[in-house]
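> Just passing along the structure, written as structure tokens.
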Number of protein chains: 2
Amino acid sequence: MDRSGGRARHSGDLIAALSGRNLAHNLHSDVLWDMGFAIVSGQYEQGSILPPDTELLDQFRVSRTVLREALKTLAAKGLIEARARIGTRVLPRNRWNLFDADVLAWHFELGPEVSFLQSLAEVRIGIEIEAAALAAERRTDDQAGMLLAAVDRMAAARTPEEFARYDLEFHKAVADASGNPFMASISALVEMALTAAFTISSPVNEPEALEQTVAVHRAIAQAILDRNAPGAREAMRMAIAEGFARAAGRMESAESKS
Amino acid sequence: MDRSGGRARHSGDLIAALSGRNLAHNLHSDVLWDMGFAIVSGQYEQGSILPPDTELLDQFRVSRTVLREALKTLAAKGLIEARARIGTRVLPRNRWNLFDADVLAWHFELGPEVSFLQSLAEVRIGIEIEAAALAAERRTDDQAGMLLAAVDRMAAARTPEEFARYDLEFHKAVADASGNPFMASISALVEMALTAAFTISSPVNEPEALEQTVAVHRAIAQAILDRNAPGAREAMRMAIAEGFARAAGRMESAESKS
DNA sequence: GCCACCAATATTGTCATACTTATTCACCTG
DNA sequence: CAGGTGAATAAGTATGACAATATTGGTGGC
């Protein structure tokens with residue numbers, strides 16, 4: 001119940017470190033993260049009314065400006081809705097913008113559950129498969145070169161962080177080559193999924209897993225190079241499924257031990 | 001091309017009417033929409049610095065509170081990023097949250113281009129195909145019943161608005177039955193796509209088009225009822241492709257005429 | 001003449017307080 | 001009992017001052 005001290009920012013830290021974002025530590029972002037996490041974690045139930053401004057003001061010891069800007073940010077992400085005389089209501093989850101990087105991060109802060117990782121893998125399969133197929137049809141030679149280069153860098157990576165960086169770079173390059181702006185827009189989601197997966201278990205530490213991961217990514221790149229859309233689809237599906245399976249397997253075995 | 005005069009809120013109005021949202025007309029949302037549209041329309045270039053607070057303050061004739069809350073909202077959607085002493089920078093498009101309902105609406109305000117509609121159809125295919133397949137595996141009997149009921153209502157619809165409403169209801173039901181929270185979260189996107197498509201051309205006005213649209217939706221429902229995942233996939237792909245093709249065809253023929 | 005450091009400055013960030021507007025709920029009137 | 005009416009409450013808006021921060025350019029030392 002006490003959040004006062006401690007400021008636990010476990011997975012958030014990792015993601016921020018990887019992406020280089022979220023450097024600024026404003027007051028308003030403190031309130032934002034506390035409130036955002038409190039809502040996502042269910043501390044404030046969906047459909048319920050948040051404490052009125054005055055009370056939150058007292059709780060956070062900040063100015064009204066700061067509090068209100070934080071709440072406006074939450075409203076922009078679809079988590080809450082303010083109405084005069086009623087108060088500020090927590091919206092039902094299906095109104096939340098789950099594709100938002102912050103909202104995703106808050107979900108991970110309460111420990112990534114297997115079911116959530118699976119949902120993530122499912123959307124990734126949907127979107128990235130399509131991106132791979134489109135990339136196969138529309139890629140330029142430059143873009144194909146970038147893909148192959150990213151795979152080579154993955155193969156040569158020596159630390160989990162390095163590997164994650166190049167893996168992400170690869171998936172961004174596919175999205176870019178698809179020529180569809182929406183595909184590029186979900187890189188935040190991919191980023192989160194990869195970071196979570198690698199936090200749990202990186203293939204770098206297991207030679208045969210590394211080899212397999214690199215091989216399947218190379219297959220994607222090759223299929224796109226060959227303008228082979230069905231092949232790119234299938235390879236992408238395998239890449240995502242494999243990554244999820246490794247993380248989920250590790251989580252379950254860790255769970256059964258405890 | 002001229003939008004200069006009178007606050008053209010064409011597609012925005014339709015979407016608001018359909019979804020029942022965006023009723024409130026506060027000062028801050030005026031500024032938000034003006035700025036959001038200005039950024040999305042390229043009036044403020046990506047990477048450029050917005051005018052400083054003082055200037056915008058003077059331009060909009062509102063208090064600093066209002067302006068700053070509007071900017072914070074834009075920042076929450078990934079369109080801008082403010083830094084002390086530097087100013088407020090327009091972020092590159094790949095940082096924008098294109099899945100956000102407002103950001104989408106701003107894109108439509110400047111006239112939906114065929115290429116944008118196509119991108120939208122492509123992501124929808126990616127996500128909703130997967131949703132349909134998952135729904136086929138996980139649906140409850142109740143959910144299957146909802147799907148069939150929605151199709152029946154589509155068939156009986158008499159106005160374009162009515163048809164659009166039940167079409168949306170159908171796609172939401174599929175997302176719901178998939179059991180994946182992300183799928184439900186993109187209904188804003190589907191909503192926008194459907195509204196745009198029906199604004200351009202509704203199948204209600206053409207008996208054979210209506211029949212075809214209803215038939216393909218019924219095929220999706222039936223496949224999900226039969227727990228036939230591949231069938232649901234294929235039917236969903238056809239439904240989305242068909243809707244896009246009709247809208248795109250109508251737009252091109254209208255364009256060649258002018 | 002080059003480099004490192006520091007101060008001036010411009011821009012966003014934060015604060016405190018007062019006032020306005022909208023909406024619900026209860027009361028009061030017909 | 002129905003319907004309007006007003007008080008109470010919460011968010012919305014305004015304003016002016018001060019703090020934090022990072023760039024820019026100057027200043028001094030080497």
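Going through the structure tokens in order, the chains are called A, B, and so on, while each chain numbers its residues from 1 and the ligands are numbered from 1 in the order shown.
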Could you give me, as a ChimeraX atom specification, the residues within 12 Å of DT17 (chain C), counting only C-alpha atoms (C1' of nucleotides) and dropping anything in the same chain fewer than 5 positions from it?

/A:63-64 /D:14-17

> Could you give me, as a PyMOL selection string, the residues within 9 Å of region 142-153 of chain B, counting only C-alpha atoms (C1' of nucleotides) and dropping anything in the same chain fewer than 3 positions from it?

chain B and resi 135+139+156-157+162-163+166-167+169-171+173-174+176-177+214-215+217-218+220-222+224-225

> Which residues are close to region 20-29 of chain D, i.e. within 10 Å by only C-alpha atoms (C1' of nucleotides), leaving aside same-chain residues fewer than 4 positions away? Reply as an NGL selection string.

(:B and (83-86)) or (:C and (3-14))

> Could you tell me which residues of chain A sit within 10 Å of chain B when counting only C-alpha atoms, and give me the result as a PDB file with C-alpha atoms, in the first residue's frame?


ATOM      1  CA  ALA A  24      13.444  14.090 -17.819  1.00  0.00           C
ATOM      2  CA  THR A  65      -1.126  22.808 -12.293  1.00  0.00           C
ATOM      3  CA  VAL A  66       1.061  19.750 -11.980  1.00  0.00           C
ATOM      4  CA  ARG A  68      -4.077  18.635 -13.581  1.00  0.00           C
ATOM      5  CA  GLU A  69      -1.475  18.234 -16.312  1.00  0.00           C
ATOM      6  CA  ALA A  70      -0.804  14.710 -15.132  1.00  0.00           C
ATOM      7  CA  LEU A  71      -4.511  13.934 -15.189  1.00  0.00           C
ATOM      8  CA  LYS A  72      -4.847  15.488 -18.631  1.00  0.00           C
ATOM      9  CA  THR A  73      -2.094  13.188 -19.828  1.00  0.00           C
ATOM     10  CA  LEU A  74      -3.927  10.187 -18.430  1.00  0.00           C
ATOM     11  CA  ALA A  75      -7.098  11.408 -20.111  1.00  0.00           C
ATOM     12  CA  ALA A  76      -5.226  11.687 -23.418  1.00  0.00           C
ATOM     13  CA  LYS A  77      -4.257   8.032 -23.100  1.00  0.00           C
ATOM     14  CA  GLY A  78      -7.856   7.068 -22.507  1.00  0.00           C
ATOM     15  CA  ARG A  83     -16.762  15.594 -15.809  1.00  0.00           C
ATOM     16  CA  ARG A  93     -10.167  -1.020 -19.969  1.00  0.00           C
ATOM     17  CA  ASN A  94     -11.381  -1.286 -23.532  1.00  0.00           C
ATOM     18  CA  ARG A  95     -11.138   2.476 -23.782  1.00  0.00           C
ATOM     19  CA  TRP A  96      -7.504   2.500 -22.691  1.00  0.00           C
ATOM     20  CA  ASN A  97      -4.948   2.982 -25.396  1.00  0.00           C
ATOM     21  CA  LEU A  98      -2.969  -0.175 -24.831  1.00  0.00           C
ATOM     22  CA  PHE A  99      -0.636   0.684 -27.685  1.00  0.00           C
ATOM     23  CA  ASP A 100       0.705   3.632 -25.744  1.00  0.00           C
ATOM     24  CA  ALA A 101       4.244   3.128 -24.502  1.00  0.00           C
ATOM     25  CA  ASP A 102       3.503   4.392 -20.995  1.00  0.00           C
ATOM     26  CA  SER A 115      -1.201 -14.224 -20.343  1.00  0.00           C
ATOM     27  CA  PHE A 116      -0.276 -10.617 -21.015  1.00  0.00           C
ATOM     28  CA  GLN A 118       0.783 -13.971 -24.914  1.00  0.00           C
ATOM     29  CA  SER A 119      -1.687 -11.258 -25.852  1.00  0.00           C
ATOM     30  CA  LEU A 120       1.242  -9.117 -26.848  1.00  0.00           C
ATOM     31  CA  GLU A 122      -0.680 -12.361 -30.666  1.00  0.00           C
ATOM     32  CA  VAL A 123      -0.999  -8.753 -31.817  1.00  0.00           C
ATOM     33  CA  ARG A 124       2.614  -8.723 -32.840  1.00  0.00           C
ATOM     34  CA  ILE A 125       1.971 -11.771 -34.989  1.00  0.00           C
ATOM     35  CA  GLY A 126      -0.997 -10.081 -36.578  1.00  0.00           C
ATOM     36  CA  ILE A 127       0.734  -6.842 -37.371  1.00  0.00           C
ATOM     37  CA  GLU A 128       4.300  -7.860 -38.015  1.00  0.00           C
ATOM     38  CA  ILE A 129       3.360 -10.739 -40.271  1.00  0.00           C
ATOM     39  CA  GLU A 130       1.492  -8.298 -42.438  1.00  0.00           C
ATOM     40  CA  ALA A 131       4.398  -5.868 -42.257  1.00  0.00           C
ATOM     41  CA  LEU A 134       4.226  -5.871 -47.392  1.00  0.00           C
ATOM     42  CA  ASP A 176       9.918   0.790 -42.258  1.00  0.00           C
ATOM     43  CA  SER A 178       6.491  -2.075 -45.281  1.00  0.00           C
ATOM     44  CA  GLY A 179       5.808   1.520 -46.236  1.00  0.00           C
ATOM     45  CA  ASN A 180       2.864   1.597 -43.832  1.00  0.00           C
ATOM     46  CA  PRO A 181       3.081   4.316 -41.174  1.00  0.00           C
ATOM     47  CA  PHE A 182       0.967   2.324 -38.728  1.00  0.00           C
ATOM     48  CA  MET A 183       3.465  -0.479 -38.704  1.00  0.00           C
ATOM     49  CA  ALA A 184       6.221   1.881 -37.635  1.00  0.00           C
ATOM     50  CA  SER A 185       3.962   3.342 -34.971  1.00  0.00           C
ATOM     51  CA  ILE A 186       3.789   0.135 -32.957  1.00  0.00           C
ATOM     52  CA  SER A 187       7.518  -0.147 -32.445  1.00  0.00           C
ATOM     53  CA  ALA A 188       6.886   0.916 -28.851  1.00  0.00           C
TER      54      ALA A 188
END

> What are the coordinates of chain B as an mmCIF file with C-alpha atoms, in the first residue's frame following a least-squares fit to chain A on all in-order C-alpha atoms?


data_model
loop_
_atom_site.group_PDB
_atom_site.id
_atom_site.type_symbol
_atom_site.label_atom_id
_atom_site.label_comp_id
_atom_site.auth_asym_id
_atom_site.auth_seq_id
_atom_site.Cartn_x
_atom_site.Cartn_y
_atom_site.Cartn_z
ATOM 1 C CA MET B 1 4.007 -8.472 -3.872
ATOM 2 C CA ASP B 2 5.108 -5.548 -1.791
ATOM 3 C CA ARG B 3 6.018 -2.570 -3.842
ATOM 4 C CA SER B 4 5.141 -0.170 -1.080
ATOM 5 C CA GLY B 5 8.640 1.059 -0.525
ATOM 6 C CA GLY B 6 11.057 2.804 -2.748
ATOM 7 C CA ARG B 7 9.560 3.645 -6.103
ATOM 8 C CA ALA B 8 10.104 0.354 -7.870
ATOM 9 C CA ARG B 9 10.756 1.243 -11.501
ATOM 10 C CA HIS B 10 12.203 -2.044 -12.591
ATOM 11 C CA SER B 11 11.040 -2.633 -16.140
ATOM 12 C CA GLY B 12 10.483 1.059 -16.662
ATOM 13 C CA ASP B 13 14.123 1.765 -16.103
ATOM 14 C CA LEU B 14 15.179 -0.833 -18.592
ATOM 15 C CA ILE B 15 12.873 0.466 -21.232
ATOM 16 C CA ALA B 16 13.960 4.029 -20.684
ATOM 17 C CA ALA B 17 17.576 3.007 -20.884
ATOM 18 C CA LEU B 18 17.001 1.092 -24.080
ATOM 19 C CA SER B 19 15.035 3.784 -25.823
ATOM 20 C CA GLY B 20 16.828 6.780 -24.445
ATOM 21 C CA ARG B 21 13.511 8.398 -23.683
ATOM 22 C CA ASN B 22 11.928 9.586 -20.499
ATOM 23 C CA LEU B 23 15.038 11.330 -19.309
ATOM 24 C CA ALA B 24 13.230 14.349 -17.962
ATOM 25 C CA HIS B 25 12.167 14.095 -14.375
ATOM 26 C CA ASN B 26 9.705 16.880 -13.852
ATOM 27 C CA LEU B 27 7.174 17.010 -11.092
ATOM 28 C CA HIS B 28 4.298 16.437 -13.427
ATOM 29 C CA SER B 29 5.725 13.161 -14.712
ATOM 30 C CA ASP B 30 6.056 11.884 -11.146
ATOM 31 C CA VAL B 31 2.385 12.434 -10.536
ATOM 32 C CA LEU B 32 1.595 11.010 -13.955
ATOM 33 C CA TRP B 33 3.421 7.773 -13.278
ATOM 34 C CA ASP B 34 2.018 7.337 -9.809
ATOM 35 C CA MET B 35 -1.534 7.889 -10.976
ATOM 36 C CA GLY B 36 -1.094 5.908 -14.172
ATOM 37 C CA PHE B 37 0.279 2.951 -12.316
ATOM 38 C CA ALA B 38 -2.400 3.210 -9.648
ATOM 39 C CA ILE B 39 -5.091 3.029 -12.314
ATOM 40 C CA VAL B 40 -3.536 0.263 -14.379
ATOM 41 C CA SER B 41 -2.844 -1.790 -11.268
ATOM 42 C CA GLY B 42 -6.501 -1.562 -10.319
ATOM 43 C CA GLN B 43 -5.918 0.532 -7.218
ATOM 44 C CA TYR B 44 -8.573 2.812 -8.669
ATOM 45 C CA GLU B 45 -11.239 0.570 -10.116
ATOM 46 C CA GLN B 46 -12.618 1.003 -13.600
ATOM 47 C CA GLY B 47 -15.728 3.114 -13.572
ATOM 48 C CA SER B 48 -14.964 4.555 -10.168
ATOM 49 C CA ILE B 49 -14.455 8.239 -9.429
ATOM 50 C CA LEU B 50 -11.031 9.493 -8.477
ATOM 51 C CA PRO B 51 -10.651 11.630 -5.370
ATOM 52 C CA PRO B 52 -11.402 15.290 -6.152
ATOM 53 C CA ASP B 53 -8.610 17.672 -7.120
ATOM 54 C CA THR B 54 -8.297 19.089 -3.642
ATOM 55 C CA GLU B 55 -7.624 15.696 -2.123
ATOM 56 C CA LEU B 56 -5.070 14.618 -4.726
ATOM 57 C CA LEU B 57 -3.491 18.043 -4.389
ATOM 58 C CA ASP B 58 -3.009 17.380 -0.744
ATOM 59 C CA GLN B 59 -1.766 13.864 -1.363
ATOM 60 C CA PHE B 60 0.921 14.802 -3.868
ATOM 61 C CA ARG B 61 1.847 18.183 -2.425
ATOM 62 C CA VAL B 62 2.066 19.817 -5.822
ATOM 63 C CA SER B 63 0.350 22.772 -7.416
ATOM 64 C CA ARG B 64 -2.952 22.458 -9.184
ATOM 65 C CA THR B 65 -1.191 23.171 -12.481
ATOM 66 C CA VAL B 66 0.988 20.102 -12.128
ATOM 67 C CA LEU B 67 -1.839 17.832 -11.039
ATOM 68 C CA ARG B 68 -4.151 18.942 -13.800
ATOM 69 C CA GLU B 69 -1.521 18.499 -16.493
ATOM 70 C CA ALA B 70 -0.869 14.999 -15.254
ATOM 71 C CA LEU B 71 -4.576 14.204 -15.323
ATOM 72 C CA LYS B 72 -4.902 15.697 -18.789
ATOM 73 C CA THR B 73 -2.137 13.407 -19.949
ATOM 74 C CA LEU B 74 -3.961 10.409 -18.515
ATOM 75 C CA ALA B 75 -7.125 11.582 -20.228
ATOM 76 C CA ALA B 76 -5.243 11.825 -23.524
ATOM 77 C CA LYS B 77 -4.262 8.199 -23.167
ATOM 78 C CA GLY B 78 -7.870 7.221 -22.572
ATOM 79 C CA LEU B 79 -7.513 6.177 -18.940
ATOM 80 C CA ILE B 80 -9.777 8.786 -17.386
ATOM 81 C CA GLU B 81 -12.443 11.303 -18.283
ATOM 82 C CA ALA B 82 -13.236 14.420 -16.266
ATOM 83 C CA ARG B 83 -16.657 16.003 -16.060
ATOM 84 C CA ALA B 84 -17.688 19.047 -14.108
ATOM 85 C CA ARG B 85 -19.563 18.442 -10.913
ATOM 86 C CA ILE B 86 -19.239 14.653 -11.397
ATOM 87 C CA GLY B 87 -15.559 14.181 -10.901
ATOM 88 C CA THR B 88 -12.895 12.311 -12.787
ATOM 89 C CA ARG B 89 -13.916 8.805 -13.756
ATOM 90 C CA VAL B 90 -11.654 5.874 -14.570
ATOM 91 C CA LEU B 91 -12.707 4.632 -17.988
ATOM 92 C CA PRO B 92 -13.265 0.946 -18.750
ATOM 93 C CA ARG B 93 -10.175 -0.826 -19.958
ATOM 94 C CA ASN B 94 -11.374 -1.140 -23.532
ATOM 95 C CA ARG B 95 -11.132 2.631 -23.812
ATOM 96 C CA TRP B 96 -7.508 2.651 -22.707
ATOM 97 C CA ASN B 97 -4.941 3.116 -25.411
ATOM 98 C CA LEU B 98 -2.965 -0.063 -24.789
ATOM 99 C CA PHE B 99 -0.650 0.780 -27.660
ATOM 100 C CA ASP B 100 0.690 3.754 -25.761
ATOM 101 C CA ALA B 101 4.239 3.271 -24.478
ATOM 102 C CA ASP B 102 3.479 4.591 -20.998
ATOM 103 C CA VAL B 103 0.327 2.546 -20.557
ATOM 104 C CA LEU B 104 2.256 -0.537 -21.594
ATOM 105 C CA ALA B 105 5.056 0.305 -19.202
ATOM 106 C CA TRP B 106 2.597 0.615 -16.320
ATOM 107 C CA HIS B 107 1.298 -2.829 -17.126
ATOM 108 C CA PHE B 108 4.794 -4.213 -16.891
ATOM 109 C CA GLU B 109 5.503 -2.449 -13.634
ATOM 110 C CA LEU B 110 3.234 -4.824 -11.827
ATOM 111 C CA GLY B 111 5.149 -7.793 -13.063
ATOM 112 C CA PRO B 112 4.518 -9.066 -16.584
ATOM 113 C CA GLU B 113 2.108 -11.972 -16.388
ATOM 114 C CA VAL B 114 2.349 -14.760 -18.904
ATOM 115 C CA SER B 115 -1.170 -14.052 -20.144
ATOM 116 C CA PHE B 116 -0.249 -10.442 -20.861
ATOM 117 C CA LEU B 117 2.908 -11.439 -22.675
ATOM 118 C CA GLN B 118 0.828 -13.846 -24.700
ATOM 119 C CA SER B 119 -1.662 -11.146 -25.672
ATOM 120 C CA LEU B 120 1.256 -9.004 -26.699
ATOM 121 C CA ALA B 121 2.702 -11.798 -28.802
ATOM 122 C CA GLU B 122 -0.665 -12.310 -30.471
ATOM 123 C CA VAL B 123 -1.007 -8.718 -31.644
ATOM 124 C CA ARG B 124 2.603 -8.688 -32.699
ATOM 125 C CA ILE B 125 1.974 -11.775 -34.799
ATOM 126 C CA GLY B 126 -1.013 -10.119 -36.398
ATOM 127 C CA ILE B 127 0.704 -6.881 -37.244
ATOM 128 C CA GLU B 128 4.263 -7.884 -37.899
ATOM 129 C CA ILE B 129 3.335 -10.814 -40.108
ATOM 130 C CA GLU B 130 1.449 -8.410 -42.292
ATOM 131 C CA ALA B 131 4.331 -5.960 -42.175
ATOM 132 C CA ALA B 132 6.746 -8.668 -43.284
ATOM 133 C CA ALA B 133 4.506 -9.637 -46.177
ATOM 134 C CA LEU B 134 4.145 -6.035 -47.295
ATOM 135 C CA ALA B 135 7.864 -5.482 -46.939
ATOM 136 C CA ALA B 136 8.470 -8.440 -49.234
ATOM 137 C CA GLU B 137 6.350 -6.764 -51.872
ATOM 138 C CA ARG B 138 7.550 -3.204 -51.495
ATOM 139 C CA ARG B 139 11.091 -3.225 -50.155
ATOM 140 C CA THR B 140 13.808 -1.208 -51.816
ATOM 141 C CA ASP B 141 17.284 -2.634 -52.192
ATOM 142 C CA ASP B 142 18.535 -0.320 -49.486
ATOM 143 C CA GLN B 143 15.928 -1.555 -47.053
ATOM 144 C CA ALA B 144 16.799 -5.153 -47.763
ATOM 145 C CA GLY B 145 20.419 -4.350 -47.084
ATOM 146 C CA MET B 146 19.506 -2.813 -43.733
ATOM 147 C CA LEU B 147 17.676 -5.968 -42.768
ATOM 148 C CA LEU B 148 20.600 -8.230 -43.557
ATOM 149 C CA ALA B 149 22.970 -5.908 -41.748
ATOM 150 C CA ALA B 150 20.777 -5.954 -38.651
ATOM 151 C CA VAL B 151 20.772 -9.749 -38.633
ATOM 152 C CA ASP B 152 24.554 -9.788 -38.857
ATOM 153 C CA ARG B 153 24.794 -7.447 -35.918
ATOM 154 C CA MET B 154 22.421 -9.663 -33.943
ATOM 155 C CA ALA B 155 24.636 -12.649 -34.617
ATOM 156 C CA ALA B 156 27.696 -10.754 -33.440
ATOM 157 C CA ALA B 157 26.112 -9.321 -30.278
ATOM 158 C CA ARG B 158 27.881 -10.178 -27.039
ATOM 159 C CA THR B 159 25.572 -8.778 -24.350
ATOM 160 C CA PRO B 160 21.806 -9.093 -23.872
ATOM 161 C CA GLU B 161 21.423 -5.309 -24.209
ATOM 162 C CA GLU B 162 23.292 -5.248 -27.478
ATOM 163 C CA PHE B 163 21.262 -8.144 -28.817
ATOM 164 C CA ALA B 164 17.985 -6.516 -27.820
ATOM 165 C CA ARG B 165 19.010 -3.291 -29.538
ATOM 166 C CA TYR B 166 19.731 -4.954 -32.859
ATOM 167 C CA ASP B 167 16.674 -7.161 -32.613
ATOM 168 C CA LEU B 168 14.568 -4.041 -32.208
ATOM 169 C CA GLU B 169 16.423 -2.385 -35.054
ATOM 170 C CA PHE B 170 15.554 -5.358 -37.244
ATOM 171 C CA HIS B 171 11.845 -5.200 -36.471
ATOM 172 C CA LYS B 172 11.826 -1.469 -37.025
ATOM 173 C CA ALA B 173 13.477 -1.968 -40.386
ATOM 174 C CA VAL B 174 10.793 -4.446 -41.393
ATOM 175 C CA ALA B 175 8.079 -1.998 -40.366
ATOM 176 C CA ASP B 176 9.830 0.720 -42.311
ATOM 177 C CA ALA B 177 10.112 -1.417 -45.413
ATOM 178 C CA SER B 178 6.401 -2.211 -45.271
ATOM 179 C CA GLY B 179 5.698 1.368 -46.278
ATOM 180 C CA ASN B 180 2.771 1.475 -43.870
ATOM 181 C CA PRO B 181 2.973 4.233 -41.245
ATOM 182 C CA PHE B 182 0.888 2.264 -38.763
ATOM 183 C CA MET B 183 3.404 -0.529 -38.701
ATOM 184 C CA ALA B 184 6.155 1.861 -37.666
ATOM 185 C CA SER B 185 3.888 3.353 -35.032
ATOM 186 C CA ILE B 186 3.750 0.175 -32.975
ATOM 187 C CA SER B 187 7.464 -0.078 -32.438
ATOM 188 C CA ALA B 188 6.843 1.035 -28.852
ATOM 189 C CA LEU B 189 4.899 -2.157 -28.398
ATOM 190 C CA VAL B 190 7.579 -4.297 -29.957
ATOM 191 C CA GLU B 191 10.166 -2.549 -27.851
ATOM 192 C CA MET B 192 8.301 -3.354 -24.684
ATOM 193 C CA ALA B 193 7.762 -6.959 -25.665
ATOM 194 C CA LEU B 194 11.393 -7.489 -26.560
ATOM 195 C CA THR B 195 12.664 -5.787 -23.440
ATOM 196 C CA ALA B 196 10.366 -7.849 -21.275
ATOM 197 C CA ALA B 197 11.338 -11.061 -23.007
ATOM 198 C CA PHE B 198 15.043 -10.357 -22.744
ATOM 199 C CA THR B 199 14.755 -9.279 -19.141
ATOM 200 C CA ILE B 200 13.418 -12.730 -18.463
ATOM 201 C CA SER B 201 15.789 -14.664 -20.653
ATOM 202 C CA SER B 202 18.160 -13.536 -23.344
ATOM 203 C CA PRO B 203 19.224 -16.008 -26.023
ATOM 204 C CA VAL B 204 22.715 -14.547 -25.832
ATOM 205 C CA ASN B 205 23.436 -16.733 -22.856
ATOM 206 C CA GLU B 206 22.489 -19.960 -24.621
ATOM 207 C CA PRO B 207 24.444 -20.636 -27.792
ATOM 208 C CA GLU B 208 21.912 -22.908 -29.462
ATOM 209 C CA ALA B 209 19.025 -20.536 -28.647
ATOM 210 C CA LEU B 210 21.020 -17.639 -30.079
ATOM 211 C CA GLU B 211 21.710 -19.608 -33.219
ATOM 212 C CA GLN B 212 18.049 -20.437 -33.658
ATOM 213 C CA THR B 213 16.890 -16.861 -33.063
ATOM 214 C CA VAL B 214 19.392 -15.482 -35.534
ATOM 215 C CA ALA B 215 18.493 -18.148 -38.071
ATOM 216 C CA VAL B 216 14.801 -17.382 -38.016
ATOM 217 C CA HIS B 217 15.477 -13.655 -38.340
ATOM 218 C CA ARG B 218 17.778 -14.329 -41.239
ATOM 219 C CA ALA B 219 14.986 -16.336 -42.825
ATOM 220 C CA ILE B 220 12.712 -13.294 -42.592
ATOM 221 C CA ALA B 221 15.322 -11.060 -44.176
ATOM 222 C CA GLN B 222 15.985 -13.571 -46.920
ATOM 223 C CA ALA B 223 12.289 -13.981 -47.712
ATOM 224 C CA ILE B 224 11.872 -10.224 -47.942
ATOM 225 C CA LEU B 225 14.948 -10.004 -50.124
ATOM 226 C CA ASP B 226 13.465 -12.704 -52.387
ATOM 227 C CA ARG B 227 10.141 -10.867 -52.473
ATOM 228 C CA ASN B 228 8.609 -14.005 -51.018
ATOM 229 C CA ALA B 229 5.624 -12.726 -49.044
ATOM 230 C CA PRO B 230 4.254 -16.062 -47.772
ATOM 231 C CA GLY B 231 7.732 -17.070 -46.668
ATOM 232 C CA ALA B 232 8.226 -13.787 -44.835
ATOM 233 C CA ARG B 233 4.881 -14.292 -43.116
ATOM 234 C CA GLU B 234 5.732 -17.737 -41.892
ATOM 235 C CA ALA B 235 9.230 -16.822 -40.750
ATOM 236 C CA MET B 236 7.980 -13.797 -38.841
ATOM 237 C CA ARG B 237 5.355 -15.896 -37.115
ATOM 238 C CA MET B 238 8.052 -18.314 -36.006
ATOM 239 C CA ALA B 239 10.329 -15.549 -34.773
ATOM 240 C CA ILE B 240 7.680 -14.040 -32.522
ATOM 241 C CA ALA B 241 6.305 -17.356 -31.318
ATOM 242 C CA GLU B 242 9.788 -18.568 -30.517
ATOM 243 C CA GLY B 243 10.631 -15.473 -28.512
ATOM 244 C CA PHE B 244 7.421 -15.699 -26.531
ATOM 245 C CA ALA B 245 7.814 -19.424 -25.924
ATOM 246 C CA ARG B 246 11.289 -18.963 -24.522
ATOM 247 C CA ALA B 247 10.202 -16.213 -22.128
ATOM 248 C CA ALA B 248 7.040 -18.026 -21.073
ATOM 249 C CA GLY B 249 8.919 -21.272 -20.524
ATOM 250 C CA ARG B 250 11.453 -19.542 -18.351
ATOM 251 C CA MET B 251 8.762 -17.802 -16.321
ATOM 252 C CA GLU B 252 6.828 -20.992 -15.670
ATOM 253 C CA SER B 253 9.870 -22.928 -14.599
ATOM 254 C CA ALA B 254 10.840 -20.074 -12.280
ATOM 255 C CA GLU B 255 7.329 -20.016 -10.882
ATOM 256 C CA SER B 256 7.126 -23.743 -10.196
ATOM 257 C CA LYS B 257 10.349 -23.543 -8.286
ATOM 258 C CA SER B 258 9.109 -20.940 -5.820
#

> Give me every strand (DSSP E or B) residue in region 55-230 of chain B, going by DSSP on the backbone, as JSON, numbers by chain.

{"B": [80, 81, 82, 83, 87, 88, 89, 90]}

> Write out as a Markdown table a residue-level contact list of chain C versus chain A with cut-off 10 Å: for each qualifying residue the closest pair of atoms and the distance in Å to one decimal, counting only C-alpha atoms (C1' of nucleotides), rows sorted by chain and residue number upward.


| residue | atom | partner | partner_atom | distance |
| --- | --- | --- | --- | --- |
| C:DG13 | C1' | A:Asn26 | CA | 7.9 |
| C:DT14 | C1' | A:Ser63 | CA | 7.1 |
| C:DC15 | C1' | A:Ser63 | CA | 5.8 |
| C:DA16 | C1' | A:Ser63 | CA | 7.8 |
| C:DT21 | C1' | A:Ala84 | CA | 9.0 |
| C:DA22 | C1' | A:Ala84 | CA | 6.1 |
| C:DT23 | C1' | A:Arg85 | CA | 5.6 |
| C:DT24 | C1' | A:Arg85 | CA | 6.7 |

> What residues in chain D lie within 10 Å of chain A, counting only C-alpha atoms (C1' of nucleotides), written as number ranges by chain?

D: 8-12

> Pick out the residues sitting within 10 Å of DC27 (chain C), and hand them over as a PyMOL selection string; count only C-alpha atoms (C1' of nucleotides), and ignore anything fewer than 5 positions along from it in its own chain.

chain D and resi 5-7

> Step one, run DSSP on the backbone; step two, keep only residues of region 70-249 of chain A assigned to alpha helix (DSSP H); then write them as a ChimeraX atom specification.

/A:70-76,101-109,114-138,141-156,160-177,181-185,187-200,207-225,229-249
